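In what follows, a structure is listed as structure tokens, so that the remarks can point back to it.
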Amino acid sequence: MSSPTASAAPAEPASVDTPALTMAGVSKIYGRDEQQVTALDEVDLTVASDEMVVLIGPSGSGKTTLLTVAGALLRATSGTVRVGDVDLGDLGDGKLSAFRRDRIGFVFQSVNLVPFLTARENLLAVRQFGGGRIDRAARERADQLLDELGLADRSKNLPSQLSGGQKQRVAIGRALMNDPDLVLIDEPTSALDSKLGQQVMELLHREIKQRGVAAIVVTHDERVIDFGDRTVEIVDGALQ
Ligand SMILES: Nc1ncnc2c1ncn2[C@@H]1O[C@H](COP(=O)(O)OP(=O)(O)O)[C@@H](O)[C@H]1O
Ligand SMILES: [Mg+2]
């Protein structure tokens with residue numbers, strides 16, 4: 001849990017309670033001049049280190065934008081975003097993408113698996129992109145995740161040979177592969193029928209709670225709300 005540098009000096013007692021995410025006065029404006037869209041309007045949001053927050057709101061209200069800004073895929077136009085004790089505004093572009101890769105897991109609406117890699121290779125690729133080695137520990141971790149997600153017998157299948165629910169589960173495994181501190185999930189059930197959606201949500205919830213990871217889950221699906229510790233609503237870029 002503690003950072004590698006913590007051994008020399010006494011660990012800061014505050015670190016245990018450091019929120020996974022702190023957004024303060026965060027705005028995101030797309031475009032310029034007359035084309036401007038204020039997608040996030042002075043958002044304040046804190047997510048505790050083991051909390052699952054469900055984010056709801058109408059289409060176009062800024063949900064995906066909030067996830068992409070929280071997850072360091074896009075920079076805020078103004079305000080501060082901290083992930084753990086790191087202010088994302090302090091990181092240059094190179095450090096920001098390394099930080100994102102190592103500390104944040106994404107499960108996005110369009111699943112985006114690499115089409116020519118098997119399920120297992122899609123998980124292992126996360127390590128490789130990070131410059132990490134695909135050593136025995138990485139292979140064991142991938143196999144353990146695939147097993148927990150009920151995909152042990154699908155590990156050698158390509159995405160095109162998997163159902164929608166199976167692909168979504170591979171994407172969950174991939175998001176957890178690097179032991180992130182924060183997992184950002186955009187409409188995990190939108191492409192699935194209701195029974196499958198429920199199963200995927202149960203799995204996601206179990207995996208996240210088991211690991212004590214923080215998460216934000218965006219959804220339109222009323223039943224997903226029950227899985228969250230807290231529900232937050234966004235309308236026109238503003239939290240309600
Ligand atoms: N890349 C972009 N460029 C310009 N406008 C965008 C872009 N992405 C999203 N928007 C606009 O920002 C607003 C919020 O979008 P989004 O975050 O995708 O909402 P949601 O996920 O809640 O549907 C919408 O008005 C949308 O049209
Ligand atoms: Mg969206």
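Ligands are numbered from 1 in the order shown, residues from 1 within each chain, and chains are lettered A, B, ... in the order they appear in the structure tokens.
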(Q) DSSP on the backbone, alpha helix (DSSP H) only: what residues of chain A does that give? Format it as a PyMOL selection string. (A) chain A and resi 63-70+93-103+119-129+136-148+164-176+194-211
Q: Enumerate, as number ranges by chain, the complete set of residues in segment 2-234 of chain A that a backbone-based DSSP assignment places in strand (DSSP E).
A: A: 21-30, 37-47, 52-56, 78-83, 86-87, 104-107, 182-186, 214-218, 230-234
Could those residues be written to a file, using C-alpha atoms, as an mmCIF file, in the first residue's frame?
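Output saved as out.cif:
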```cif
data_model
loop_
_atom_site.group_PDB
_atom_site.id
_atom_site.type_symbol
_atom_site.label_atom_id
_atom_site.label_comp_id
_atom_site.auth_asym_id
_atom_site.auth_seq_id
_atom_site.Cartn_x
_atom_site.Cartn_y
_atom_site.Cartn_z
ATOM 1 C CA LEU A 21 -10.000 11.445 -6.270
ATOM 2 C CA THR A 22 -10.471 15.102 -5.407
ATOM 3 C CA MET A 23 -11.936 17.444 -8.010
ATOM 4 C CA ALA A 24 -12.210 21.082 -6.935
ATOM 5 C CA GLY A 25 -13.879 23.752 -9.057
ATOM 6 C CA VAL A 26 -13.266 21.720 -12.202
ATOM 7 C CA SER A 27 -14.576 23.071 -15.490
ATOM 8 C CA LYS A 28 -14.093 21.649 -18.945
ATOM 9 C CA ILE A 29 -14.876 23.752 -21.990
ATOM 10 C CA TYR A 30 -14.700 22.206 -25.436
ATOM 11 C CA VAL A 37 -19.546 23.919 -24.885
ATOM 12 C CA THR A 38 -19.216 23.964 -21.116
ATOM 13 C CA ALA A 39 -19.228 20.231 -20.453
ATOM 14 C CA LEU A 40 -18.207 20.528 -16.786
ATOM 15 C CA ASP A 41 -19.155 23.549 -14.720
ATOM 16 C CA GLU A 42 -17.233 24.030 -11.437
ATOM 17 C CA VAL A 43 -17.424 20.417 -10.356
ATOM 18 C CA ASP A 44 -16.460 19.531 -6.782
ATOM 19 C CA LEU A 45 -16.266 15.799 -6.149
ATOM 20 C CA THR A 46 -14.348 13.704 -3.648
ATOM 21 C CA VAL A 47 -14.221 9.925 -3.859
ATOM 22 C CA MET A 52 -17.919 3.252 -5.332
ATOM 23 C CA VAL A 53 -19.742 6.324 -6.606
ATOM 24 C CA VAL A 54 -22.510 5.974 -9.175
ATOM 25 C CA LEU A 55 -22.813 8.950 -11.535
ATOM 26 C CA ILE A 56 -26.137 9.509 -13.259
ATOM 27 C CA SER A 78 -9.780 25.144 -14.876
ATOM 28 C CA GLY A 79 -9.846 23.807 -11.341
ATOM 29 C CA THR A 80 -7.737 21.080 -9.750
ATOM 30 C CA VAL A 81 -7.864 17.317 -10.084
ATOM 31 C CA ARG A 82 -5.956 15.192 -7.596
ATOM 32 C CA VAL A 83 -5.685 11.431 -7.853
ATOM 33 C CA VAL A 86 -0.913 13.774 -6.972
ATOM 34 C CA ASP A 87 -2.144 16.992 -8.563
ATOM 35 C CA ILE A 104 -6.103 4.293 -13.219
ATOM 36 C CA GLY A 105 -8.250 1.580 -14.767
ATOM 37 C CA PHE A 106 -10.804 2.324 -17.469
ATOM 38 C CA VAL A 107 -13.813 0.346 -18.622
ATOM 39 C CA LEU A 182 -9.149 4.351 -9.173
ATOM 40 C CA VAL A 183 -11.356 2.587 -11.720
ATOM 41 C CA LEU A 184 -13.551 4.640 -14.080
ATOM 42 C CA ILE A 185 -16.415 2.824 -15.714
ATOM 43 C CA ASP A 186 -18.665 4.286 -18.414
ATOM 44 C CA ALA A 214 -12.206 3.363 -5.587
ATOM 45 C CA ALA A 215 -14.551 3.572 -8.557
ATOM 46 C CA ILE A 216 -16.917 5.839 -10.427
ATOM 47 C CA VAL A 217 -19.598 4.058 -12.434
ATOM 48 C CA VAL A 218 -21.578 6.056 -14.993
ATOM 49 C CA ARG A 230 -23.380 6.859 -3.100
ATOM 50 C CA THR A 231 -25.140 8.335 -6.134
ATOM 51 C CA VAL A 232 -24.214 11.682 -7.643
ATOM 52 C CA GLU A 233 -26.269 13.413 -10.328
ATOM 53 C CA ILE A 234 -24.969 15.725 -13.023
#
```
Set the distance at 8 Å and use only C-alpha atoms: which residues neighbour Leu146 of chain A once local chain neighbours fewer than 6 positions away are removed? I'd like the list as a short mmCIF file (atom, residue, chain, number, x, y, z; two decimals) with N, CA and C atoms, in the first residue's frame.
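This is the output file part.cif:
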```
data_model
loop_
_atom_site.label_atom_id
_atom_site.label_comp_id
_atom_site.auth_asym_id
_atom_site.auth_seq_id
_atom_site.Cartn_x
_atom_site.Cartn_y
_atom_site.Cartn_z
N ARG A 120 -6.50 -13.28 -22.94
CA ARG A 120 -5.36 -13.26 -22.01
C ARG A 120 -4.31 -12.23 -22.46
N ALA A 152 -11.92 -18.40 -17.75
CA ALA A 152 -10.75 -19.29 -17.82
C ALA A 152 -10.73 -20.07 -19.14
N SER A 155 -9.71 -17.83 -22.45
CA SER A 155 -8.51 -16.98 -22.42
C SER A 155 -7.77 -16.95 -23.75
N VAL A 170 -13.69 -9.12 -20.13
CA VAL A 170 -12.26 -8.98 -20.45
C VAL A 170 -11.82 -7.53 -20.18
N GLY A 173 -11.27 -7.08 -16.56
CA GLY A 173 -10.00 -7.69 -16.18
C GLY A 173 -8.82 -6.82 -16.57
#
```
Q.
Please return as number ranges by chain the residues found within 6 Å of ligand 1, counting only C-alpha atoms and all ligand atoms.
A. A: 30-31, 37, 39, 59-65
Using C-alpha atoms, can you write the selected residues to a file as a short mmCIF file (atom, residue, chain, number, x, y, z; two decimals), in the first residue's frame?
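Final file, again_38.cif:
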```
data_model
loop_
_atom_site.label_atom_id
_atom_site.label_comp_id
_atom_site.auth_asym_id
_atom_site.auth_seq_id
_atom_site.Cartn_x
_atom_site.Cartn_y
_atom_site.Cartn_z
CA TYR A 30 -14.70 22.21 -25.44
CA GLY A 31 -14.10 24.27 -28.55
CA VAL A 37 -19.55 23.92 -24.89
CA ALA A 39 -19.23 20.23 -20.45
CA SER A 59 -27.40 12.26 -22.16
CA GLY A 60 -24.95 15.07 -22.90
CA SER A 61 -24.78 16.18 -19.25
CA GLY A 62 -21.01 15.68 -18.96
CA LYS A 63 -20.68 12.17 -17.46
CA THR A 64 -18.09 10.86 -19.92
CA THR A 65 -16.23 14.16 -19.77
#
```
Q: Might you pull out every residue within 12 Å of Leu196 of chain A, with only C-alpha atoms counted and same-chain residues fewer than 2 positions away left off, and present them as a PyMOL selection string?
A: chain A and resi 163-169+188-194+198-203
(Q) Report, in Å to a single decimal, how far apart atom CA of Ala20 of chain A and atom CA of Asn122 of chain A are. (A) 25.9 Å
(Q) I'd like to know which of A:Ala142, A:Arg211, A:Gly94, A:Thr219 is closest to ligand 2, using only C-alpha atoms and all ligand atoms. (A)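 Among the listed residues, A:Thr219 lies closest to ligand 2.
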Q: Identify which of the residues A:His220, A:Phe227, A:Ala238, A:Ala72 lies closest to Leu91 of chain A, counting only C-alpha atoms when measuring atom-to-atom distances.
A: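 Ranked by minimum distance to Leu91 of chain A, first place goes to A:Ala72.
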Q | Straight-line distance linking atom CA of Leu145 of chain A with atom CA of Val111 of chain A, stated in Å to one decimal | A | 17.2 Å
Q. Near Lys156 of chain A, counting only C-alpha atoms, which residues have an atom at most 9 Å away, once you skip same-chain residues fewer than 6 positions from it, shown as a list in words?
A.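 Everything that qualifies: Leu117, Thr118, Ala119, Arg120 and Glu121 of chain A.
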Prev. selection, N, CA and C atoms, output as a short mmCIF file (atom, residue, chain, number, x, y, z; two decimals), in the first residue's frame:
```
data_model
loop_
_atom_site.label_atom_id
_atom_site.label_comp_id
_atom_site.auth_asym_id
_atom_site.auth_seq_id
_atom_site.Cartn_x
_atom_site.Cartn_y
_atom_site.Cartn_z
N LEU A 117 -5.49 -9.72 -30.49
CA LEU A 117 -4.93 -10.37 -29.30
C LEU A 117 -6.01 -11.18 -28.61
N THR A 118 -5.63 -12.31 -28.02
CA THR A 118 -6.59 -13.12 -27.28
C THR A 118 -6.98 -12.39 -26.00
N ALA A 119 -8.00 -12.95 -25.32
CA ALA A 119 -8.46 -12.37 -24.05
C ALA A 119 -7.28 -12.21 -23.09
N ARG A 120 -6.50 -13.28 -22.94
CA ARG A 120 -5.36 -13.26 -22.01
C ARG A 120 -4.31 -12.23 -22.46
N GLU A 121 -4.06 -12.19 -23.76
CA GLU A 121 -3.06 -11.24 -24.27
C GLU A 121 -3.53 -9.79 -24.10
#
```
Q) Looking at A:Gly130, A:Asp147, A:His205, A:Glu187, which one is nearest to ligand 2, with distances taken over only C-alpha atoms and all ligand atoms? A)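 Once distances to ligand 2 are computed over only C-alpha atoms and all ligand atoms, the minimum belongs to A:Glu187.
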Q) How many Å separate atom CA of Met177 of chain A from atom CA of Phe116 of chain A? A)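 Between these atoms lies a distance of 19.0 Å.
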Q) For Gln144 of chain A, which residue out of A:Asp102, A:Glu207, A:Asp33, A:Asp181 is the nearest one, using only C-alpha atoms? A)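 Closest candidate: A:Glu207.
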Q) From the set A:Phe108, A:Gly237, A:Ala125, A:Gly71, which residue has the shortest atom-to-atom contact distance to Ala171 of chain A, counting only C-alpha atoms? A)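 Comparing A:Phe108, A:Gly237, A:Ala125, A:Gly71 against Ala171 of chain A, the winner is A:Phe108.
Contact shell of Gln128 of chain A at 12 Å (only C-alpha atoms; same-chain neighbours under 4 positions omitted): Arg101, Asp102, Glu121, Asn122, Leu123, Leu124, Gly132, Arg133, Ile134, Asp135, Ala138, Arg139, Met177 and Asn178 of chain A.
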